[in-house]
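I have placed the structure first, in the form of structure tokens, so that the comments after it can refer back to it.
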Number of protein chains: 2
Amino acid sequence: MQRPALTVDRNSPVPLYFQLAEQLEAAIVAGTLTPGSRLENEIELADRCGLSRPTVRQAIQHLVDKGLLVRKRGVGTQVVQAQVKRPIELTSLYDDLVASQRSPRTKVLELATAPAGDEAAKNLGVPPGTPVIRLRRLRLTDSEPLALLTNHLPVDIVDLTAERLESNGLYEILRATGVNLRIANQTIGARAATTAEATLLDERRGVPLLTMTRTAFDDNGRAIEFATHVYRASRYSFTLTLVER
Amino acid sequence: MQRPALTVDRNSPVPLYFQLAEQLEAAIVAGTLTPGSRLENEIELADRCGLSRPTVRQAIQHLVDKGLLVRKRGVGTQVVQAQVKRPIELTSLYDDLVASQRSPRTKVLELATAPAGDEAAKNLGVPPGTPVIRLRRLRLTDSEPLALLTNHLPVDIVDLTAERLESNGLYEILRATGVNLRIANQTIGARAATTAEATLLDERRGVPLLTMTRTAFDDNGRAIEFATHVYRASRYSFTLTLVER
DNA sequence: AAGTGGTCTAGACCACTAG
DNA sequence: TAGTGGTCTAGACCACTTT
């Protein structure tokens with residue numbers, strides 16, 4: 001049983017449950033709460049923090065969803081033993097790379113408005129032939145090609161410039177414009193590189209590529225982006241953590 | 001604003017919030033609640049079902065996590081427009097295939113106890129050389145090879161027989177033995193098929209394969225399984241839905 | 001100004017697990 | 001039997017969005 005120091009600031013605009021969750025997470029990351037160790041029970045935790053039990057439960061549930069804690073009825077709450085890896089999130093590759101300090105670079109290959117093809121139209125929920133923004137970028141890290149990114153967006157979402165796209169991720173630009181991405185459907189597969197792809201990615205024709213297609217929707221349910229990305233399998237893979245609820 | 005019929009059974013052992021969530025989900029699937037439509041507010045919903053607001057909120061939160069509903073403060077709760085696909089879950093490929101009615105078949109290629117190699121030992125958290133169960137299976141659907149599955153398990157988890165493995169998924173067997181899988185780390189990538197893999201999968205050497213490695217832990221945080229699977233990219237891909245919280 | 005979801009409280013009873 | 005988390009209630013006040 002381990003009892004990390006916990007204090008909440010009732011004058012902070014940050015919700016109390018979130019303050020508690022952050023402190024517990026920090027204690028886990030710092031090693032103050034060791035993997036496999038048990039937390040105090042919820043009542044005791046509530047008393048010690050001066051919070052109600054439902055608020056404490058909300059904080060714990062947050063960390064259970066994150067895969068950091070495990071609860072068992074009749075037993076208690078334990079710190080997960082398994083090392084949790086960063087899950088696939090609703091973020092862009094650019095954000096991911098920045099987060100892992102990989103100094104990404106972007107080369108805009110195409111930025112144009114063109115009639116939507118059948119696939120893009122279907123995924124964006126617009127009639128075929130509707131003008132859409134078509135964007136193709138090459139993403140590099142440490143001057144090595146990593147991925148070829150193709151995106152389609154409705155024309156009225158955001159004004160994109162090649163310049164801005166070379167210094168910011170697409171999702172970052174969307175967020176700054178006030179677009180709130182809420183839900184996305186993704187498919188991950190593999191296929192052989194075409195000659196054109198191989199040339200751009202500095203590989204040979206036929207090498208395995210990891211593919212990801214994604215349709216992202218904002219909080220109104222409107223399709224904001226249809227993406228078809230291919231990654232060099234030799235330099236990229238997806239990592240995720242699954243939590244049984 | 002749409003008001004589906006909702007009733008809860010207070011004598012049922014099923015939690016009230018779950019009963020409500022199920023009925024709302026059923027209404028969404030059935031089309032009674034159409035995409036984009038708004039639900040009643042939480043107070044009204046609570047009154048109409050004879051439940052308290054926190055219980056109603058718990059039901060709604062469940063469906064938000066599932067990606068079926070979206071909540072916006074000051075606005076209301078809406079049915080998501082985007083079609084939600086089945087996410088990657090902590091289930092086996094076998095279960096997935098059965099669920100999609102694909103009549104899977106399994107051929108056990110190897111089932112033996114052998115000293116753990118470095119990678120398996122590291123992922124299972126045992127010293128290298130510790131005896132572990134090594135399992136290799138070929139999974140087919142409609143008599144076509146689909147994937148080559150390699151698993152390592154600690155010897156004392158479960159008694160496996162080739163016979164049982166040919167008629168049940170590994171996860172099903174584990175569940176039946178009382179093992180509760182709680183968390184798993186997965187990596188999805190791609191690479192070219194070796195000659196041996198190509199022969200087994202009825203492909204040619206060098207074709208792109210989709211790869212998945214997974215380490216699964218039970219609710220005590222003990223590593224139960226280390227899997228290395230390769231899929232024919234021409235016949236399989238991963239689908240998942242991301243929800244921004 | 002009115003209506004919505006977000007947060008929070010202080011209790012209560014129940015189901016499950018362990019010794 | 002004692003202790004744990006799971007569920008549930010009936011309120012309260014606040015922050016945000018829309019009218």
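Labeling convention for the structure tokens: chains A, B, ... as they appear, residues from 1 per chain, ligands from 1 in order of appearance.
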Report task. Give as number ranges by chain every residue of chain A that touches chain D within 12 Å, counting only C-alpha atoms (C1' of nucleotides). Result -> A: 13, 15, 38-44, 53-54, 57, 60-61, 70-77
Taking a cut-off of 9 Å and counting only C-alpha atoms, can you build a table that, for each residue of chain B near chain A, reports the nearest atom pair and how far apart they are in Å (one decimal), sorted by chain then residue number, as JSON lines?
{"residue": "B:Pro35", "atom": "CA", "partner": "A:Gly221", "partner_atom": "CA", "distance": 8.5}
{"residue": "B:Gly36", "atom": "CA", "partner": "A:Gly221", "partner_atom": "CA", "distance": 7.0}
{"residue": "B:Gly67", "atom": "CA", "partner": "A:Ile183", "partner_atom": "CA", "distance": 7.0}
{"residue": "B:Val70", "atom": "CA", "partner": "A:Asp219", "partner_atom": "CA", "distance": 6.9}
{"residue": "B:Arg71", "atom": "CA", "partner": "A:Asp219", "partner_atom": "CA", "distance": 8.4}
{"residue": "B:Lys72", "atom": "CA", "partner": "A:Asp219", "partner_atom": "CA", "distance": 8.2}
{"residue": "B:Gln78", "atom": "CA", "partner": "A:Asn220", "partner_atom": "CA", "distance": 8.4}
{"residue": "B:Val79", "atom": "CA", "partner": "A:Gly221", "partner_atom": "CA", "distance": 8.6}
{"residue": "B:Val80", "atom": "CA", "partner": "A:Gly221", "partner_atom": "CA", "distance": 5.8}
{"residue": "B:Gln81", "atom": "CA", "partner": "A:Gly221", "partner_atom": "CA", "distance": 4.7}
{"residue": "B:Ala82", "atom": "CA", "partner": "A:Gly221", "partner_atom": "CA", "distance": 6.1}
{"residue": "B:Gln83", "atom": "CA", "partner": "A:Asn185", "partner_atom": "CA", "distance": 8.2}
{"residue": "B:Val84", "atom": "CA", "partner": "A:Asn185", "partner_atom": "CA", "distance": 7.1}
{"residue": "B:Lys85", "atom": "CA", "partner": "A:Asn185", "partner_atom": "CA", "distance": 6.9}
{"residue": "B:Pro87", "atom": "CA", "partner": "A:Asn185", "partner_atom": "CA", "distance": 8.9}
{"residue": "B:Ile88", "atom": "CA", "partner": "A:Leu242", "partner_atom": "CA", "distance": 8.1}
{"residue": "B:Glu89", "atom": "CA", "partner": "A:Leu242", "partner_atom": "CA", "distance": 6.8}
{"residue": "B:Leu90", "atom": "CA", "partner": "A:Leu242", "partner_atom": "CA", "distance": 6.4}
{"residue": "B:Leu181", "atom": "CA", "partner": "A:Glu244", "partner_atom": "CA", "distance": 7.2}
{"residue": "B:Arg182", "atom": "CA", "partner": "A:Glu244", "partner_atom": "CA", "distance": 4.9}
{"residue": "B:Ile183", "atom": "CA", "partner": "A:Val243", "partner_atom": "CA", "distance": 4.6}
{"residue": "B:Ala184", "atom": "CA", "partner": "A:Leu242", "partner_atom": "CA", "distance": 5.1}
{"residue": "B:Asn185", "atom": "CA", "partner": "A:Thr241", "partner_atom": "CA", "distance": 4.5}
{"residue": "B:Gln186", "atom": "CA", "partner": "A:Leu240", "partner_atom": "CA", "distance": 5.3}
{"residue": "B:Thr187", "atom": "CA", "partner": "A:Thr239", "partner_atom": "CA", "distance": 4.4}
{"residue": "B:Ile188", "atom": "CA", "partner": "A:Phe238", "partner_atom": "CA", "distance": 5.0}
{"residue": "B:Gly189", "atom": "CA", "partner": "A:Ser237", "partner_atom": "CA", "distance": 4.6}
{"residue": "B:Ala190", "atom": "CA", "partner": "A:Ala233", "partner_atom": "CA", "distance": 5.3}
{"residue": "B:Arg191", "atom": "CA", "partner": "A:Pro208", "partner_atom": "CA", "distance": 5.5}
{"residue": "B:Ala192", "atom": "CA", "partner": "A:Pro208", "partner_atom": "CA", "distance": 5.9}
{"residue": "B:Gly206", "atom": "CA", "partner": "A:Val207", "partner_atom": "CA", "distance": 7.9}
{"residue": "B:Val207", "atom": "CA", "partner": "A:Ala192", "partner_atom": "CA", "distance": 7.1}
{"residue": "B:Pro208", "atom": "CA", "partner": "A:Pro208", "partner_atom": "CA", "distance": 4.7}
{"residue": "B:Leu209", "atom": "CA", "partner": "A:Ala190", "partner_atom": "CA", "distance": 6.5}
{"residue": "B:Leu210", "atom": "CA", "partner": "A:Ala190", "partner_atom": "CA", "distance": 5.6}
{"residue": "B:Thr215", "atom": "CA", "partner": "A:Ala82", "partner_atom": "CA", "distance": 8.9}
{"residue": "B:Ala216", "atom": "CA", "partner": "A:Ala82", "partner_atom": "CA", "distance": 8.7}
{"residue": "B:Phe217", "atom": "CA", "partner": "A:Ala82", "partner_atom": "CA", "distance": 7.0}
{"residue": "B:Asp219", "atom": "CA", "partner": "A:Val70", "partner_atom": "CA", "distance": 6.9}
{"residue": "B:Asn220", "atom": "CA", "partner": "A:Gly36", "partner_atom": "CA", "distance": 7.5}
{"residue": "B:Gly221", "atom": "CA", "partner": "A:Gln81", "partner_atom": "CA", "distance": 4.8}
{"residue": "B:Arg222", "atom": "CA", "partner": "A:Gln81", "partner_atom": "CA", "distance": 7.2}
{"residue": "B:Ala223", "atom": "CA", "partner": "A:Ala82", "partner_atom": "CA", "distance": 7.8}
{"residue": "B:Arg232", "atom": "CA", "partner": "A:Ala190", "partner_atom": "CA", "distance": 8.7}
{"residue": "B:Ala233", "atom": "CA", "partner": "A:Ala190", "partner_atom": "CA", "distance": 5.3}
{"residue": "B:Ser234", "atom": "CA", "partner": "A:Arg191", "partner_atom": "CA", "distance": 7.5}
{"residue": "B:Tyr236", "atom": "CA", "partner": "A:Gly189", "partner_atom": "CA", "distance": 7.2}
{"residue": "B:Ser237", "atom": "CA", "partner": "A:Gly189", "partner_atom": "CA", "distance": 4.6}
{"residue": "B:Phe238", "atom": "CA", "partner": "A:Ile188", "partner_atom": "CA", "distance": 5.0}
{"residue": "B:Thr239", "atom": "CA", "partner": "A:Thr187", "partner_atom": "CA", "distance": 4.4}
{"residue": "B:Leu240", "atom": "CA", "partner": "A:Gln186", "partner_atom": "CA", "distance": 5.3}
{"residue": "B:Thr241", "atom": "CA", "partner": "A:Asn185", "partner_atom": "CA", "distance": 4.5}
{"residue": "B:Leu242", "atom": "CA", "partner": "A:Ala184", "partner_atom": "CA", "distance": 5.1}
{"residue": "B:Val243", "atom": "CA", "partner": "A:Ile183", "partner_atom": "CA", "distance": 4.6}
{"residue": "B:Glu244", "atom": "CA", "partner": "A:Arg182", "partner_atom": "CA", "distance": 4.9}
{"residue": "B:Arg245", "atom": "CA", "partner": "A:Arg182", "partner_atom": "CA", "distance": 7.7}
Query raised in the report: Residues at most 10 Å from stretch 102-115 of chain A, counting only C-alpha atoms (C1' of nucleotides), excluding those fewer than 5 positions away in the same chain, as a VMD selection string?
Result: chain A and resid 93 to 97 120 to 121 127 to 155 160 to 169
Keeping only C-alpha atoms, write the selected residues to a file as a compact mmCIF listing (two decimals), in the first residue's frame.
# COMPACT_ATOMS: atom_id res chain seq x y z
CA LEU A 93 1.72 12.20 -37.80
CA TYR A 94 3.40 15.59 -37.50
CA ASP A 95 2.28 16.00 -33.89
CA ASP A 96 3.41 12.47 -33.14
CA LEU A 97 6.85 13.12 -34.54
CA ALA A 120 -12.98 10.93 -51.91
CA ALA A 121 -16.55 12.05 -52.63
CA PRO A 127 -21.57 14.41 -54.68
CA PRO A 128 -18.84 13.13 -57.03
CA GLY A 129 -17.30 15.99 -58.97
CA THR A 130 -17.73 18.51 -56.15
CA PRO A 131 -14.63 20.68 -55.92
CA VAL A 132 -12.41 19.61 -53.03
CA ILE A 133 -8.94 20.49 -51.86
CA ARG A 134 -6.42 17.87 -52.81
CA LEU A 135 -3.19 17.85 -50.88
CA ARG A 136 -0.14 15.67 -51.28
CA ARG A 137 2.83 15.93 -48.98
CA LEU A 138 6.05 14.10 -48.38
CA ARG A 139 6.99 13.80 -44.73
CA LEU A 140 10.63 13.41 -43.78
CA THR A 141 12.47 12.93 -40.51
CA ASP A 142 16.15 13.57 -40.17
CA SER A 143 16.15 14.22 -43.95
CA GLU A 144 14.93 10.69 -44.69
CA PRO A 145 11.56 10.21 -46.44
CA LEU A 146 9.07 8.60 -44.10
CA ALA A 147 5.62 8.83 -45.59
CA LEU A 148 3.58 10.04 -48.52
CA LEU A 149 0.44 11.79 -47.32
CA THR A 150 -2.60 12.39 -49.51
CA ASN A 151 -5.55 14.35 -48.11
CA HIS A 152 -8.89 15.52 -49.42
CA LEU A 153 -10.86 18.29 -47.67
CA PRO A 154 -14.03 20.23 -48.42
CA VAL A 155 -13.08 23.61 -49.89
CA LEU A 160 -4.32 26.26 -46.74
CA THR A 161 -1.02 27.52 -48.04
CA ALA A 162 2.00 25.43 -48.90
CA GLU A 163 4.07 27.65 -46.65
CA ARG A 164 1.94 27.05 -43.60
CA LEU A 165 1.75 23.31 -44.29
CA GLU A 166 5.53 23.08 -44.33
CA SER A 167 5.83 24.39 -40.78
CA ASN A 168 2.68 22.97 -39.16
CA GLY A 169 0.77 19.72 -39.13
Requested in this report: Write down as a VMD selection string the residues belonging to stretch 37-223 of chain B that are assigned strand (DSSP E) by DSSP computed on the backbone.
Outcome: chain B and resid 69 to 72 76 to 79 104 to 115 131 to 141 144 to 154 181 to 192 208 to 218 223
Restrict the calculation to only C-alpha atoms (C1' of nucleotides), then for each residue of chain C with any atom at most 10 Å from an atom of chain A give the closest atom pair and their distance in Å to one decimal, rows by chain and rising residue number, as JSON lines.
{"residue": "C:DG6", "atom": "C1'", "partner": "A:Pro15", "partner_atom": "CA", "distance": 9.2}
{"residue": "C:DT7", "atom": "C1'", "partner": "A:Pro15", "partner_atom": "CA", "distance": 7.1}
{"residue": "C:DC8", "atom": "C1'", "partner": "A:Thr55", "partner_atom": "CA", "distance": 7.0}
{"residue": "C:DT9", "atom": "C1'", "partner": "A:Ser52", "partner_atom": "CA", "distance": 6.3}
{"residue": "C:DA10", "atom": "C1'", "partner": "A:Ser52", "partner_atom": "CA", "distance": 7.5}
{"residue": "C:DA15", "atom": "C1'", "partner": "A:Arg73", "partner_atom": "CA", "distance": 8.3}
{"residue": "C:DC16", "atom": "C1'", "partner": "A:Gly74", "partner_atom": "CA", "distance": 5.2}
{"residue": "C:DT17", "atom": "C1'", "partner": "A:Gly74", "partner_atom": "CA", "distance": 4.4}
{"residue": "C:DA18", "atom": "C1'", "partner": "A:Gly74", "partner_atom": "CA", "distance": 7.8}
Query raised in the report: Expressed in Å to a single decimal, how great is the separation between atom CA of B:Ala59 and atom C1' of C:DC14?
Result: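 Distance between the two atoms: 19.4 Å.
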Report task. Could you check how far atom CA of B:Val179 sits from atom CA of A:Leu63, in Å to one decimal? Result ->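 Interatomic distance, atom CA of B:Val179 to atom CA of A:Leu63: 22.5 Å.
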